[in-house]
Structure formats: structure tokens, C-alpha cells
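Undergrad: Dropping a structure here in C-alpha cells format, bear with me for questions.
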Amino acid sequence: MWYNNILETIGNTPLVKLNKITKEVKATVLAKIETTNPGNSIKDRMALQMIVDAEREGKLKPGGTIIEGTSGNTGMGLAIAAAVKGYRCIFTTTDKQSKEKFDALRAFGAEVIVCPTNVEPEDPRSYYSVASRLEKEIPNSWKANQYDNLSNTKANYEQTGPEIWEQTEGKITHLVVGVGTGGTISGAGRYLKEKNPNIKCWGIDTYGSVFKKYKETGVFDKNEIYPYITEGIGEDFLPQNVDFSVIDHFEKVTDKDAALMTREIALKEGIFAGNSSGAIIAGLLQMKAHLTENDLVVVIFHDHGTRYLGKMYNEDWLRERGFLKDEKLTARSILNK
Ligand code: PMP
């Protein structure tokens, strides 16, 4: 038995019980390990869905160019699909991202344009503006726009949600997901709530992001916006893929807790996960009083630890940010902090 190309291996990711890191939570906690996708993240699902839908709608034609402002997981998913399907890819990104990320995208033939970080989105040099200009200037080009492209939510409604329902035999009681574009929680959460409206969906947010306050007050509060370190979750605007009606509660996690918990996942469970996975577990522990032994929680581990080797998996990086209190800490002693 074989697959016709690597894109056919996307999805059907394993669900793995967490045995130590969530010991203080009474519920059973299962992690959906999205790192087994070919680009090592859940974003392969929505990247392919956006391309397939754009092809069907005639927005992306043979020989076309895919444009997106990204350096992360979505870029990887788009670049892999573009390599298989024969599209050109141009990504705009900021100079605060690590060089390894650009090189990974270039490995699949993508062109990466590095733009300055410290300019307003409206500035013509910003990575938003450059992506928009390229879309206008390059004939037969299409901008994926992961934030507002609803194919993102659809991929998770059609794949991630049903997989979780089947893997838990309909017993899931809580879905806990980091929220960035909103596609994962909105799609998977909507599917699961249609199956059982009693299922609770908790979104993990970060300090410096607008989501939690907006959900609780309906106010878009600019004072909530400030720089943060946690990657992949939180936003300073409201993407169309965030369906607030699906999300019952947002829990915010600090950069420090997210970074250190990311490492604990590897140390305690042997799972090499990305930064947002640490945020999710830290957020879940903050919410433990709301869970009983009858609950079955599914958390989503979006991406792989290799993307963060120079960051939270690097002790100098942690120390420079004051995340380690002992100067001579080794990875293992983080557990005794
Ligand atoms: N974690 C990581 C590592 C991500 O790259 C993203 C996407 N920004 C998320 C979580 C959030 O997922 P979504 O965009 O579907 O809300």
C-alpha cells in the first residue's frame, strides 16, 4: 500500500494520552499530535485546503504564484503543496524570525522576502504591504490570506473535528486549543458541538492579545495589545476565522509559563512539541478546578519542537529573558523550579 504523493499523508494524526504533565488535572487528557503531518504542523491541512478551494474557484490557475505573509507553519504547508502541484511560492516575512525558518521554506523552492519588523502594517515596507503589492503586480498570482480565508476553518471542520470525534468514540467533553487565525478551534469546535452541544471549547490566548477581552466584553480594546514572545497564538486584530460563538472561554498564559511548560512536555512525556503546546498545557492547568474525573479533554499540539531549538529549548535564551531563576540550570532542573 502506498500514497500517490506526500500530500495524501496529511491528517489522521495520533491521539496520545498525557500521563505525567497533567497529573494534577482530574480528567483524562489526550493530545492530538499534529507533528506527524509532512510539514510537522497542523497547518498542512488548511494550506492544502486553501489551495484546493482556490483551484476549484478559478483563483489559482496552473503555473500560478502563491503569495502569503508568513514564515511559519502555514508557509511550510503552502510550500510543500506548491512543490507537489507545481506552483511558485513567494512569502513575505519579518526580520525578527530566525534564518532557519527561511531556509526551511527555501528548501521547498519558496522565495522569501524579509521585511523590517518595526514598521506599521500600513507602511509600504511592511510584510503585509509587500505581499499585497506583489499580488497586484505579479500576473496569475493568488494571496492565500490565512486569517480571513474560511477554507482554513473548513479544513478543521472536515478533518480535525471528525478525527477527534471518532478517536474518542464521541466521549470528548472538552477541546482545548491555542487560537491564532482561529481556524483550528472554530472548525474542529463547530463540528464537535454539532455532534454534542455539551462539549466545551476553551481557547488559549496570550497576554498582549485582544481575544479574551473581546469575548468577555465585546470591546476591541487596543490597550490589550503589546509585544509578546509566545508564538502562534494571540492577535492584535480579529481574524474572520475566529468564530467567537464556538469558544466558551479564553484563558491567557504568560510567555514564561508557556516557554517552560513547552520544555516540560518533552521532559515528562517525550513529546517534542512547539511553544503553543506549552501554552495550552499551562492554560489547562490554570483551569483544572473546572474538570472532574469524568471528563475527557483533547488538546491540540500544533507543531514540532525543532522550530524552537534556538528559543525555549535553548537555556541561554531562557536565561536572557529571566525565565530561569538559577544561573546554572540544566534542562532537567527546570522541573524542580
Ligand atoms: N500554534 C501554532 C504553533 C501555530 O502556528 C498556530 C497558527 N498561528 C496556532 C497554534 C493557532 O492555530 P489557528 O491559527 O488555527 O488558530
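A note on labels: chains of the C-alpha cells are A, B, ... as shown, every chain counts residues from 1, and ligands are counted from 1 in their shown order.
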Taking only C-alpha atoms and all ligand atoms into account, which residues have an atom no farther than 9 Å from ligand 1? I'd like them as an MDAnalysis selection string.
TA: chainID A and resid 41:43 46 72:74 146:147 152:153 156 177:187 203 231:234 241:242 273:277 300:304
Undergrad: Which neighbours of Pro197 in chain A fall inside 10 Å, counting only C-alpha atoms, when residues of the same chain fewer than 6 positions from it are skipped, and could you give them as number ranges by chain?
TA: A: 173, 189-191, 246
Undergrad: Might you pull out every residue within 12 Å of Pro227 in chain A, with only C-alpha atoms counted and same-chain residues fewer than 4 positions away left off, and present them as a PyMOL selection string?
TA: chain A and resi 117-118+206-210+223+231+234-236+254-255
Undergrad: Which one of A:Lys154, A:His174, A:Lys23, A:Arg307 sits closest to Asn198 in chain A if you count only C-alpha atoms?
TA: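 Closest residue, counting only C-alpha atoms: A:His174.
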Undergrad: Please, what distance in Å, to one decimal, runs between CA of Ile247 in chain A and CA of Thr70 in chain A?
TA: 25.3 Å
